[in-house]
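Next comes structure.tsv, a file with TSV, C-alpha atoms.
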```
chain	number	residue	atom	x	y	z
O	268	MET	CA	0.00	0.00	0.00
O	269	GLN	CA	1.18	3.54	-0.80
O	270	LEU	CA	-0.02	6.88	0.54
O	271	LEU	CA	-0.02	10.52	-0.43
O	272	THR	CA	-0.52	12.73	2.63
O	273	ASN	CA	-0.33	16.40	3.64
O	274	ILE	CA	-2.68	17.51	0.86
O	275	SER	CA	-4.11	20.98	1.45
O	276	THR	CA	-7.15	20.43	-0.80
O	277	LEU	CA	-7.92	17.33	-2.83
O	278	TYR	CA	-10.23	18.04	-5.77
O	279	THR	CA	-11.78	14.64	-6.50
O	280	CYS	CA	-13.87	15.71	-9.56
O	281	LYS	CA	-16.43	12.95	-9.01
O	282	ASP	CA	-19.27	12.44	-11.46
O	283	GLU	CA	-21.86	14.04	-9.26
O	284	GLY	CA	-23.64	17.38	-9.51
O	285	SER	CA	-22.84	19.96	-12.16
O	286	GLN	CA	-19.72	20.53	-14.24
O	287	GLY	CA	-18.43	22.99	-11.67
O	288	ASP	CA	-18.80	20.62	-8.69
O	289	LEU	CA	-15.31	19.33	-7.82
O	290	HIS	CA	-16.14	17.67	-4.46
O	291	PRO	CA	-13.05	18.91	-2.59
O	292	ILE	CA	-11.64	17.33	0.57
O	293	GLU	CA	-9.55	19.47	2.91
O	294	ASN	CA	-6.42	18.11	4.64
O	295	ALA	CA	-6.74	14.93	2.64
O	296	ALA	CA	-4.89	11.70	1.91
O	297	ILE	CA	-4.97	9.05	-0.84
O	298	ALA	CA	-4.12	5.35	-0.48
O	299	TRP	CA	-3.45	3.06	-3.42
O	300	GLN	CA	-2.10	-0.39	-4.21
O	301	ASP	CA	-0.86	-1.85	-7.49
O	302	GLY	CA	-1.73	1.40	-9.22
O	303	VAL	CA	-5.38	1.42	-8.12
O	304	ILE	CA	-6.85	3.85	-5.57
O	305	GLN	CA	-8.12	2.07	-2.42
O	306	TRP	CA	-9.18	4.96	-0.17
O	307	VAL	CA	-9.69	8.75	-0.35
O	308	GLY	CA	-10.64	11.07	2.50
O	309	PRO	CA	-9.52	13.40	5.29
O	310	GLU	CA	-6.11	12.40	6.57
O	311	SER	CA	-7.51	12.35	10.10
O	312	GLY	CA	-9.82	9.51	9.05
O	313	LEU	CA	-7.14	7.34	7.43
O	314	PRO	CA	-7.85	3.69	8.33
O	315	GLY	CA	-5.33	2.05	10.62
O	316	GLU	CA	-4.52	-0.77	8.22
O	317	PHE	CA	-2.74	1.74	5.96
O	318	ALA	CA	-0.16	2.67	8.61
O	319	GLY	CA	3.48	1.87	7.92
O	320	THR	CA	3.17	1.92	4.12
O	321	GLU	CA	5.29	3.88	1.62
O	322	VAL	CA	4.34	7.52	2.14
O	323	PHE	CA	4.66	10.46	-0.27
O	324	ASN	CA	4.26	14.01	1.08
O	325	ALA	CA	2.30	16.59	-0.95
O	326	GLY	CA	3.95	19.38	1.03
O	327	GLY	CA	0.69	21.14	1.82
O	328	ARG	CA	-0.12	21.63	-1.85
O	329	MET	CA	-3.34	20.88	-3.70
O	330	VAL	CA	-3.97	17.66	-5.63
O	331	VAL	CA	-6.10	17.18	-8.75
O	332	PRO	CA	-6.80	14.19	-11.02
O	333	GLY	CA	-4.33	13.50	-13.80
O	334	LEU	CA	-5.33	15.55	-16.83
O	335	VAL	CA	-7.08	13.88	-19.77
O	336	ASP	CA	-6.33	15.25	-23.25
O	337	CYS	CA	-9.19	13.76	-25.26
O	338	HIS	CA	-8.29	15.21	-28.68
O	339	THR	CA	-4.77	15.12	-30.18
O	340	HIS	CA	-3.06	14.23	-33.45
O	341	LEU	CA	0.15	13.02	-31.81
O	342	ALA	CA	1.94	11.14	-34.62
O	343	PHE	CA	2.85	13.18	-37.69
O	344	GLY	CA	5.75	13.93	-39.99
O	345	GLY	CA	7.30	17.40	-40.16
O	346	TRP	CA	5.98	20.69	-38.81
O	347	ARG	CA	4.26	23.70	-40.45
O	348	PRO	CA	5.80	26.93	-39.08
O	349	ASP	CA	5.36	28.81	-42.37
O	350	GLU	CA	1.58	28.60	-42.00
O	351	PHE	CA	1.85	30.45	-38.69
O	352	GLU	CA	3.32	33.42	-40.55
O	353	MET	CA	0.67	33.14	-43.28
O	354	ARG	CA	-2.13	33.38	-40.73
O	355	VAL	CA	-0.50	36.35	-39.03
O	356	GLN	CA	-0.48	38.02	-42.45
O	357	GLY	CA	-4.20	37.43	-42.83
O	358	ARG	CA	-4.62	34.15	-44.73
O	359	SER	CA	-7.37	31.92	-43.41
O	360	TYR	CA	-7.19	28.22	-42.54
O	361	LEU	CA	-9.38	27.38	-45.55
O	362	ASP	CA	-7.28	29.55	-47.90
O	363	ILE	CA	-4.12	27.75	-46.83
O	364	ALA	CA	-5.78	24.34	-47.21
O	365	LYS	CA	-7.11	25.13	-50.70
O	366	SER	CA	-3.63	26.18	-51.87
O	367	GLY	CA	-2.08	22.84	-50.91
O	368	GLY	CA	-1.04	23.62	-47.37
O	369	GLY	CA	-2.73	22.54	-44.18
O	370	ILE	CA	-3.49	18.87	-43.61
O	371	LEU	CA	-2.17	17.75	-47.00
O	372	SER	CA	1.32	19.10	-46.37
O	373	THR	CA	1.47	16.99	-43.20
O	374	VAL	CA	0.11	14.01	-45.12
O	375	LYS	CA	3.09	14.22	-47.49
O	376	ALA	CA	5.60	14.34	-44.62
O	377	THR	CA	3.86	11.55	-42.70
O	378	ARG	CA	3.81	9.24	-45.70
O	379	GLN	CA	7.55	9.78	-46.15
O	380	ALA	CA	8.31	8.87	-42.51
O	381	SER	CA	8.84	5.28	-41.43
O	382	GLU	CA	6.89	3.74	-38.57
O	383	ASN	CA	9.98	3.85	-36.37
O	384	GLU	CA	10.58	7.52	-37.19
O	385	LEU	CA	7.00	8.38	-36.30
O	386	TYR	CA	7.26	6.33	-33.12
O	387	LYS	CA	10.47	8.04	-31.97
O	388	LYS	CA	9.03	11.51	-32.52
O	389	ALA	CA	5.69	10.70	-30.88
O	390	SER	CA	7.40	8.96	-27.96
O	391	ASP	CA	9.58	11.98	-27.23
O	392	LEU	CA	6.56	14.28	-27.41
O	393	LEU	CA	4.51	12.01	-25.16
O	394	ASP	CA	7.20	12.07	-22.47
O	395	LYS	CA	7.02	15.87	-22.43
O	396	ILE	CA	3.22	15.82	-22.44
O	397	THR	CA	3.14	13.46	-19.46
O	398	GLY	CA	5.62	15.65	-17.60
O	399	SER	CA	3.24	18.58	-17.99
O	400	GLY	CA	0.43	16.70	-16.24
O	401	THR	CA	-1.48	14.73	-18.90
O	402	THR	CA	-1.88	11.12	-17.77
O	403	THR	CA	-4.49	9.96	-20.32
O	404	ILE	CA	-4.37	10.90	-24.00
O	405	GLU	CA	-6.40	10.27	-27.14
O	406	CYS	CA	-4.39	10.05	-30.38
O	407	LYS	CA	-5.84	10.29	-33.90
O	408	SER	CA	-4.55	9.04	-37.22
O	409	GLY	CA	-5.54	11.07	-40.28
O	410	TYR	CA	-2.19	12.15	-41.73
O	411	GLY	CA	-1.70	8.98	-43.76
O	412	LEU	CA	-4.91	8.89	-45.83
O	413	SER	CA	-3.93	5.58	-47.41
O	414	LEU	CA	-4.48	2.10	-46.06
O	415	LYS	CA	-0.75	1.55	-45.49
O	416	ASP	CA	-0.09	4.89	-43.82
O	417	GLU	CA	-3.20	4.96	-41.64
O	418	ILE	CA	-2.35	1.48	-40.33
O	419	LYS	CA	1.26	2.61	-39.81
O	420	THR	CA	0.13	5.52	-37.63
O	421	LEU	CA	-2.28	3.45	-35.57
O	422	ARG	CA	0.44	0.86	-34.95
O	423	VAL	CA	2.60	3.65	-33.55
O	424	TYR	CA	-0.14	4.37	-31.03
O	425	ARG	CA	-0.44	0.71	-30.10
O	426	ARG	CA	3.32	0.61	-29.47
O	427	LEU	CA	3.08	3.73	-27.31
O	428	ALA	CA	0.21	2.21	-25.32
O	429	ASP	CA	2.36	-0.85	-24.62
O	430	ALA	CA	5.53	1.07	-23.79
O	431	LYS	CA	4.33	4.08	-21.78
O	432	PRO	CA	2.73	4.32	-18.35
O	433	VAL	CA	0.03	6.74	-19.56
O	434	ASN	CA	-3.36	5.66	-20.89
O	435	VAL	CA	-3.24	5.92	-24.72
O	436	VAL	CA	-6.51	5.68	-26.68
O	437	SER	CA	-6.48	5.54	-30.49
O	438	THR	CA	-8.94	7.02	-32.97
O	439	PHE	CA	-9.13	6.26	-36.69
O	440	LEU	CA	-9.43	9.48	-38.72
O	441	GLY	CA	-9.02	8.29	-42.29
O	442	ALA	CA	-11.76	10.77	-43.19
O	443	HIS	CA	-9.66	13.82	-42.33
O	444	THR	CA	-9.69	15.19	-45.88
O	445	ILE	CA	-9.57	13.91	-49.47
O	446	PRO	CA	-5.97	13.00	-50.41
O	447	PRO	CA	-4.56	14.55	-53.61
O	448	GLU	CA	-4.56	11.32	-55.64
O	449	PHE	CA	-8.35	11.10	-55.11
O	450	LYS	CA	-9.11	14.77	-55.77
O	451	SER	CA	-11.27	13.92	-58.80
O	452	LYS	CA	-12.32	10.52	-57.43
O	453	ARG	CA	-13.99	11.48	-54.17
O	454	GLU	CA	-16.41	8.56	-54.04
O	455	GLU	CA	-13.56	6.10	-54.61
O	456	TYR	CA	-11.77	7.40	-51.52
O	457	ILE	CA	-14.93	7.13	-49.44
O	458	HIS	CA	-15.24	3.50	-50.52
O	459	LEU	CA	-11.57	2.93	-49.66
O	460	ILE	CA	-12.31	4.14	-46.13
O	461	MET	CA	-15.46	2.07	-45.79
O	462	ASP	CA	-14.41	-1.14	-47.55
O	463	ASP	CA	-10.69	-1.40	-46.78
O	464	MET	CA	-9.55	0.91	-43.97
O	465	ILE	CA	-12.34	0.47	-41.45
O	466	PRO	CA	-12.47	-3.35	-41.72
O	467	ARG	CA	-8.69	-3.56	-41.29
O	468	VAL	CA	-8.69	-1.21	-38.29
O	469	GLY	CA	-11.55	-3.11	-36.71
O	470	GLU	CA	-10.11	-6.56	-37.31
O	471	GLU	CA	-6.69	-5.59	-35.88
O	472	LYS	CA	-8.35	-3.67	-33.01
O	473	LEU	CA	-6.17	-0.65	-33.72
O	474	ALA	CA	-8.67	1.99	-32.60
O	475	ALA	CA	-11.62	2.53	-30.30
O	476	PHE	CA	-13.24	5.33	-32.31
O	477	CYS	CA	-13.93	6.46	-35.87
O	478	ASP	CA	-13.69	10.22	-36.37
O	479	ILE	CA	-14.45	12.42	-39.37
O	480	PHE	CA	-13.91	16.08	-40.28
O	481	VAL	CA	-17.29	17.47	-41.34
O	482	GLU	CA	-16.47	20.75	-43.04
O	483	GLU	CA	-16.57	22.61	-46.38
O	484	SER	CA	-12.97	21.58	-47.10
O	485	ALA	CA	-13.43	17.96	-45.98
O	486	PHE	CA	-16.61	15.80	-45.80
O	487	THR	CA	-20.33	16.47	-45.89
O	488	ALA	CA	-22.75	15.36	-43.21
O	489	ASP	CA	-24.22	12.73	-45.58
O	490	GLU	CA	-20.77	11.30	-46.32
O	491	ALA	CA	-19.95	11.31	-42.61
O	492	ARG	CA	-23.15	9.42	-41.77
O	493	ARG	CA	-22.19	6.60	-44.16
O	494	ILE	CA	-18.63	6.34	-42.88
O	495	LEU	CA	-19.55	6.48	-39.20
O	496	GLU	CA	-22.27	3.84	-39.59
O	497	ARG	CA	-19.74	1.54	-41.24
O	498	GLY	CA	-17.34	2.19	-38.37
O	499	LYS	CA	-20.00	1.12	-35.88
O	500	GLN	CA	-20.30	-2.20	-37.69
O	501	TYR	CA	-16.65	-2.84	-36.76
O	502	GLY	CA	-16.90	-1.69	-33.15
O	503	LEU	CA	-15.63	1.86	-33.72
O	504	ARG	CA	-17.71	4.39	-31.81
O	505	PRO	CA	-18.33	7.68	-33.67
O	506	LYS	CA	-16.60	10.98	-33.00
O	507	ILE	CA	-16.95	14.12	-35.15
O	508	HIS	CA	-14.89	17.22	-35.90
O	509	ALA	CA	-17.99	19.40	-36.01
O	510	ASP	CA	-18.90	22.97	-36.94
O	511	GLN	CA	-15.38	24.39	-36.63
O	512	LEU	CA	-15.27	26.83	-39.55
O	513	THR	CA	-18.84	26.71	-40.81
O	514	SER	CA	-22.16	25.61	-39.34
O	515	CYS	CA	-22.77	22.44	-41.32
O	516	GLY	CA	-24.88	20.23	-39.06
O	517	GLY	CA	-22.02	18.39	-37.39
O	518	ALA	CA	-23.46	18.66	-33.89
O	519	GLU	CA	-26.88	17.45	-35.03
O	520	LEU	CA	-25.24	14.52	-36.82
O	521	ALA	CA	-23.27	13.63	-33.68
O	522	ALA	CA	-26.52	13.32	-31.77
O	523	GLU	CA	-28.16	11.32	-34.57
O	524	VAL	CA	-25.41	8.67	-34.87
O	525	GLY	CA	-24.77	8.35	-31.12
O	526	ALA	CA	-21.31	9.91	-31.18
O	527	ILE	CA	-19.43	9.90	-27.90
O	528	SER	CA	-18.25	13.46	-28.59
O	529	ALA	CA	-18.47	16.35	-31.02
O	530	ASP	CA	-15.30	18.44	-31.08
O	531	HIS	CA	-14.54	22.08	-32.00
O	532	LEU	CA	-18.15	23.42	-32.29
O	533	GLU	CA	-17.16	27.08	-32.68
O	534	ARG	CA	-20.04	27.55	-35.19
O	535	ILE	CA	-22.57	25.25	-33.51
O	536	SER	CA	-26.25	26.07	-33.97
O	537	ASP	CA	-28.79	26.35	-31.18
O	538	GLU	CA	-30.49	23.24	-32.56
O	539	GLY	CA	-27.16	21.42	-32.44
O	540	ILE	CA	-26.74	22.31	-28.78
O	541	ARG	CA	-30.22	21.04	-27.96
O	542	ALA	CA	-29.65	17.81	-29.88
O	543	MET	CA	-26.34	17.12	-28.13
O	544	ALA	CA	-27.87	17.77	-24.72
O	545	GLU	CA	-30.73	15.37	-25.39
O	546	ALA	CA	-28.42	12.66	-26.74
O	547	GLY	CA	-25.77	13.03	-24.02
O	548	VAL	CA	-22.97	13.86	-26.48
O	549	ILE	CA	-19.90	15.42	-24.85
O	550	GLY	CA	-18.82	18.71	-26.41
O	551	VAL	CA	-15.05	19.15	-26.69
O	552	THR	CA	-13.68	22.67	-26.80
O	553	LEU	CA	-10.28	23.18	-28.44
O	554	PRO	CA	-9.32	26.77	-27.64
O	555	LEU	CA	-5.70	26.42	-28.79
O	556	ALA	CA	-7.00	25.80	-32.32
O	557	SER	CA	-9.04	29.00	-32.15
O	558	LEU	CA	-5.99	30.87	-30.85
O	559	TYR	CA	-3.69	29.71	-33.64
O	560	THR	CA	-6.21	29.96	-36.49
O	561	GLN	CA	-7.54	33.31	-35.24
O	562	GLU	CA	-11.08	32.02	-35.40
O	563	PRO	CA	-13.88	32.70	-32.88
O	564	PHE	CA	-13.75	30.80	-29.59
O	565	LEU	CA	-16.54	28.46	-28.57
O	566	ASP	CA	-18.88	29.95	-25.98
O	567	CYS	CA	-18.67	26.98	-23.62
O	568	ARG	CA	-20.98	28.60	-21.09
O	569	LYS	CA	-23.83	28.37	-23.59
O	570	LEU	CA	-23.34	24.60	-23.86
O	571	VAL	CA	-22.98	24.04	-20.11
O	572	ASP	CA	-26.12	26.08	-19.39
O	573	ALA	CA	-28.00	23.91	-21.92
O	574	GLY	CA	-26.91	20.70	-20.19
O	575	VAL	CA	-24.01	19.65	-22.45
O	576	GLY	CA	-20.94	18.36	-20.65
O	577	VAL	CA	-17.89	20.21	-22.00
O	578	ALA	CA	-14.43	18.64	-22.16
O	579	VAL	CA	-11.28	20.73	-22.68
O	580	ALA	CA	-8.50	19.41	-24.94
O	581	THR	CA	-5.51	20.71	-26.90
O	582	ASP	CA	-6.07	19.47	-30.48
O	583	PHE	CA	-2.27	19.14	-30.55
O	584	ASN	CA	-1.20	18.95	-34.20
O	585	PRO	CA	1.52	20.52	-36.39
O	586	GLY	CA	-0.72	23.08	-38.07
O	587	SER	CA	-3.71	24.57	-36.28
O	588	ALA	CA	-2.70	23.79	-32.67
O	589	PRO	CA	1.04	23.14	-32.32
O	590	SER	CA	0.96	23.16	-28.50
O	591	TYR	CA	0.33	20.27	-26.11
O	592	ASP	CA	-0.06	22.50	-23.02
O	593	LEU	CA	-3.42	21.39	-21.63
O	594	THR	CA	-3.28	23.84	-18.72
O	595	LEU	CA	-2.93	26.66	-21.26
O	596	ALA	CA	-6.01	25.31	-23.04
O	597	MET	CA	-7.83	25.30	-19.69
O	598	MET	CA	-6.92	28.93	-19.04
O	599	LEU	CA	-8.11	29.94	-22.52
O	600	ALA	CA	-11.35	28.01	-21.97
O	601	CYS	CA	-11.88	30.24	-18.95
O	602	ASN	CA	-10.82	33.60	-20.41
O	603	LEU	CA	-12.26	33.19	-23.89
O	604	GLY	CA	-14.67	30.27	-23.54
O	605	ARG	CA	-16.37	31.55	-20.34
O	606	LEU	CA	-15.89	28.42	-18.25
O	607	THR	CA	-15.14	28.90	-14.57
O	608	PRO	CA	-11.81	27.46	-13.38
O	609	ALA	CA	-13.71	24.64	-11.67
O	610	GLN	CA	-15.62	23.84	-14.87
O	611	ALA	CA	-12.38	23.89	-16.87
O	612	LEU	CA	-10.71	21.46	-14.47
O	613	LYS	CA	-13.62	19.03	-14.63
O	614	GLY	CA	-13.56	19.49	-18.41
O	615	ALA	CA	-9.90	18.43	-18.58
O	616	THR	CA	-10.39	15.49	-16.20
O	617	LEU	CA	-13.75	13.73	-15.79
O	618	TYR	CA	-15.42	15.09	-18.93
O	619	GLY	CA	-12.28	14.47	-20.96
O	620	ALA	CA	-12.42	10.86	-19.76
O	621	LYS	CA	-16.10	10.67	-20.71
O	622	ALA	CA	-15.26	11.89	-24.23
O	623	ILE	CA	-13.06	8.82	-24.77
O	624	GLY	CA	-15.05	6.29	-22.76
O	625	LEU	CA	-12.52	5.97	-19.92
O	626	ASP	CA	-14.46	7.60	-17.09
O	627	ASP	CA	-14.66	4.21	-15.37
O	628	ARG	CA	-10.92	4.33	-14.64
O	629	ALA	CA	-9.69	7.90	-15.21
O	630	GLY	CA	-10.71	11.52	-14.71
O	631	SER	CA	-11.42	11.55	-10.97
O	632	ILE	CA	-9.82	10.51	-7.69
O	633	GLU	CA	-11.97	7.71	-6.30
O	634	PRO	CA	-11.52	4.14	-5.05
O	635	GLY	CA	-11.27	1.69	-7.93
O	636	LYS	CA	-9.78	4.16	-10.38
O	637	SER	CA	-6.21	4.41	-11.60
O	638	ALA	CA	-3.89	6.28	-9.23
O	639	ASP	CA	-3.34	9.17	-11.65
O	640	PHE	CA	-3.08	12.57	-10.00
O	641	LEU	CA	-1.06	15.78	-9.85
O	642	VAL	CA	0.42	17.66	-6.92
O	643	VAL	CA	0.17	21.32	-8.01
O	644	ASP	CA	2.02	24.26	-6.51
O	645	ALA	CA	-0.98	26.60	-6.29
O	646	PRO	CA	-3.26	27.46	-3.36
O	647	SER	CA	-6.52	26.93	-5.30
O	648	ILE	CA	-7.99	26.10	-8.68
O	649	ASN	CA	-8.89	29.75	-9.20
O	650	PHE	CA	-5.30	30.85	-8.55
O	651	TRP	CA	-3.91	28.11	-10.84
O	652	MET	CA	-5.97	29.34	-13.80
O	653	TYR	CA	-5.68	33.05	-12.95
O	654	HIS	CA	-1.89	33.07	-12.54
O	655	TYR	CA	-1.05	30.84	-15.49
O	656	VAL	CA	2.61	29.83	-15.47
O	657	PRO	CA	4.08	27.38	-18.01
O	658	ASP	CA	5.67	24.36	-16.37
O	659	ARG	CA	4.33	25.28	-12.94
O	660	GLU	CA	5.87	22.98	-10.36
O	661	ILE	CA	3.89	19.77	-10.30
O	662	GLU	CA	4.49	16.17	-9.37
O	663	VAL	CA	2.83	13.69	-11.70
O	664	PHE	CA	1.64	10.27	-10.50
O	665	VAL	CA	0.68	7.77	-13.23
O	666	GLY	CA	-0.64	4.43	-12.06
O	667	GLY	CA	0.68	5.28	-8.61
O	668	ARG	CA	4.24	5.94	-9.80
O	669	MET	CA	5.72	9.43	-9.51
```

Please render this file's structure as structure tokens.
Amino acid sequence: MQLLTNISTLYTCKDEGSQGDLHPIENAAIAWQDGVIQWVGPESGLPGEFAGTEVFNAGGRMVVPGLVDCHTHLAFGGWRPDEFEMRVQGRSYLDIAKSGGGILSTVKATRQASENELYKKASDLLDKITGSGTTTIECKSGYGLSLKDEIKTLRVYRRLADAKPVNVVSTFLGAHTIPPEFKSKREEYIHLIMDDMIPRVGEEKLAAFCDIFVEESAFTADEARRILERGKQYGLRPKIHADQLTSCGGAELAAEVGAISADHLERISDEGIRAMAEAGVIGVTLPLASLYTQEPFLDCRKLVDAGVGVAVATDFNPGSAPSYDLTLAMMLACNLGRLTPAQALKGATLYGAKAIGLDDRAGSIEPGKSADFLVVDAPSINFWMYHYVPDREIEVFVGGRM
């Protein structure tokens, strides 16, 4: 048995009450064994059978659940710094994509990289991400856009899941955009996804989810419906990049097909919000993408008030969100998305876990869940978000190991 004691405030983030209810415990302690939490409560009430175990000292600091980044594109070839300058000079995301930049430039670099090269790069990035407090991460394909290269990317994620202490969840995103060799053969590429890619991903159990980019520059809602329904036949639960740049019915489609989440949502309609609330679809805000693309930020408060649970994630990728700092995303979700600090924390923990179907073992500090938590050098959640500091002193526990 192992213990963490001398915790000023433990924010458990249990799945009770509203998004802003963190269920704090003052002067708390945590006990765990074999990486699984056994007991949580006031240190004064610590059961006697836990005495004499290995003890870690939180030093009077606060403790929160390990962060859950439920939307990333971790494995990719190359970077895209020139596009940053283009956007500063006034070119839009869609303009850059239509001129051959954007996703397709990363597709070219990813296809040229070997599986081992992608693994080495993603592994190094994941170590840094974990050190910043993320203990569970979702990783999408979508920069291969061929059977060989999509499978290559998803195998990288499977290797990371086997090699790293963090929880790694994979998502198939073959429907990210139309690759150049299919520019005039759109329907052929859709059939390639449905008849070759999805069956292979499902049979090899390389992903838990099937995602699709529903947008003017990518796929229509009708095309997405066909692809997502095929994914469900192979055990891949739907996710949707929805309503990021235009309002194109992505949120409504997410509710219709039973998606676990709809992500982005900056241009979501009122009807889309109502549909998601009724269907229990998690909304995922990605404020770093809005920051880098200079697009409007999602009004998260509007979704929360309507009964939609809102997760906060980074969208880490080489183009529209080249940062994996989830605490920065949380701060932006407060300042520009109108979440309270408490709502942002629950969004980056429990609701992030809900968005990838792992809320039974991650996202909160409760008996039976993985011993994933952070010791944070801040007196309160409000102060942590208000006085944002990169690389603030934290201690990261993953599966009970510091």

Quiz item: How far is it from atom CA of Leu392 of chain O to atom CA of Ala629 of chain O, in Å with one decimal?
Solution: 21.3 Å

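What separates atom CA of Asp478 of chain O from atom CA of Lys375 of chain O is a distance of 20.5 Å.
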
Exercise. Counting all atoms listed in the file, select every polymer residue within 10 Å of (-4.8, 27.2, -19.2) as defined in the file's coordinates, and provide the selection as a ChimeraX atom specification.
Key: /O:554-555,579,592-602,608,611-612,651-657

Practice problem: Measuring atom to atom with all atoms listed in the file, identify which of O:Glu470, O:Asp288, O:Ala442, O:Glu310 is nearest to Gln500 of chain O. | Solution: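 Under the stated criterion, the closest residue is O:Glu470.
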
Self-check item: From O:Lys395, O:Lys499, O:Lys281, O:Lys452, residue lying nearest Lys636 of chain O [all atoms listed in the file]
Solution: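 Of all the options, O:Lys281 lies closest to Lys636 of chain O.
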
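Distances from O:Val548, O:Leu473, O:Gln269, O:Ala556 to Val524 of chain O were compared using only C-alpha atoms, and the smallest one belongs to O:Val548.
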
Quiz item: What does the distance between atom CA of Thr339 of chain O and atom CA of Val481 of chain O come to in Å, to one decimal place?
Solution: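 According to the coordinates, atom CA of Thr339 of chain O and atom CA of Val481 of chain O are separated by 16.9 Å.
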
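The smallest atom-to-atom distance between Ala389 of chain O and any of O:Val303, O:Phe583, O:Leu495, O:Asp626, using all atoms listed in the file, is found for O:Phe583.
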
Quiz item: Near Ile297 of chain O, counting all atoms listed in the file, which residues have an atom at most 7 Å away, once you skip same-chain residues fewer than 3 positions from it, shown as a ChimeraX atom specification?
Solution: /O:270-272,306-308

Quiz prompt | Residue among O:Leu371, O:Ser437, O:Glu533, O:Val335 lying closest to Arg347 of chain O, counting all atoms listed in the file | solution =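 Closest to Arg347 of chain O of all the choices is O:Leu371.
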
Quiz item: What's the 7 Å shell around Leu289 of chain O, counting all atoms listed in the file, without same-chain residues fewer than 5 positions away, as a list of chain:residue names?
Solution: O:Tyr278, O:Thr279, O:Cys280, O:Lys281, O:Ala609

Need to verify the contact set: segment 502-508 of chain O, 8 Å, only C-alpha atoms, exclusion of same-chain residues closer than 6 positions in sequence. Can you return it as a short mmCIF file (atom, residue, chain, number, x, y, z; two decimals) with C-alpha atoms, in the coordinates of the input?
```
data_model
loop_
_atom_site.label_atom_id
_atom_site.label_comp_id
_atom_site.auth_asym_id
_atom_site.auth_seq_id
_atom_site.Cartn_x
_atom_site.Cartn_y
_atom_site.Cartn_z
CA GLY O 469 -11.55 -3.11 -36.71
CA ALA O 474 -8.67 1.99 -32.60
CA ALA O 475 -11.62 2.53 -30.30
CA PHE O 476 -13.24 5.33 -32.31
CA CYS O 477 -13.93 6.46 -35.87
CA ASP O 478 -13.69 10.22 -36.37
CA ILE O 479 -14.45 12.42 -39.37
CA PHE O 480 -13.91 16.08 -40.28
CA VAL O 481 -17.29 17.47 -41.34
CA LEU O 495 -19.55 6.48 -39.20
CA GLY O 517 -22.02 18.39 -37.39
CA ALA O 521 -23.27 13.63 -33.68
CA VAL O 524 -25.41 8.67 -34.87
CA GLY O 525 -24.77 8.35 -31.12
CA ALA O 526 -21.31 9.91 -31.18
CA ILE O 527 -19.43 9.90 -27.90
CA SER O 528 -18.25 13.46 -28.59
CA ALA O 529 -18.47 16.35 -31.02
CA ASP O 530 -15.30 18.44 -31.08
CA HIS O 531 -14.54 22.08 -32.00
CA LEU O 532 -18.15 23.42 -32.29
#
```

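Minimum atom-to-atom distances from O:Pro332, O:Gly630, O:Gly574, O:Gly368 to Val663 of chain O were compared using only C-alpha atoms, and the lowest value belongs to O:Pro332.
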
Practice problem: Please tell me which residues are no farther than 10 Å from (-0.6, 20.6, -44.1) in the file, counting all atoms listed in the file, and write them as a ChimeraX atom specification. | Solution: /O:345-347,350,363-364,367-376,410,585-587

Exercise. Mind checking which residues fall within 9 Å of Ala342 of chain O, counting all atoms listed in the file, ignoring those fewer than 2 positions away in the same chain, and posting them as a PyMOL selection string?
Key: chain O and resi 339-340+344+377+385-386+388-390+406-408+410+420-421+423-424+584

Exercise. Skip Glu538 of chain O itself and residues of its chain fewer than 6 positions away, then list as a PyMOL selection string all residues within 12 Å of it, counting only C-alpha atoms.
Key: chain O and resi 514-520+522+544-545+570+573
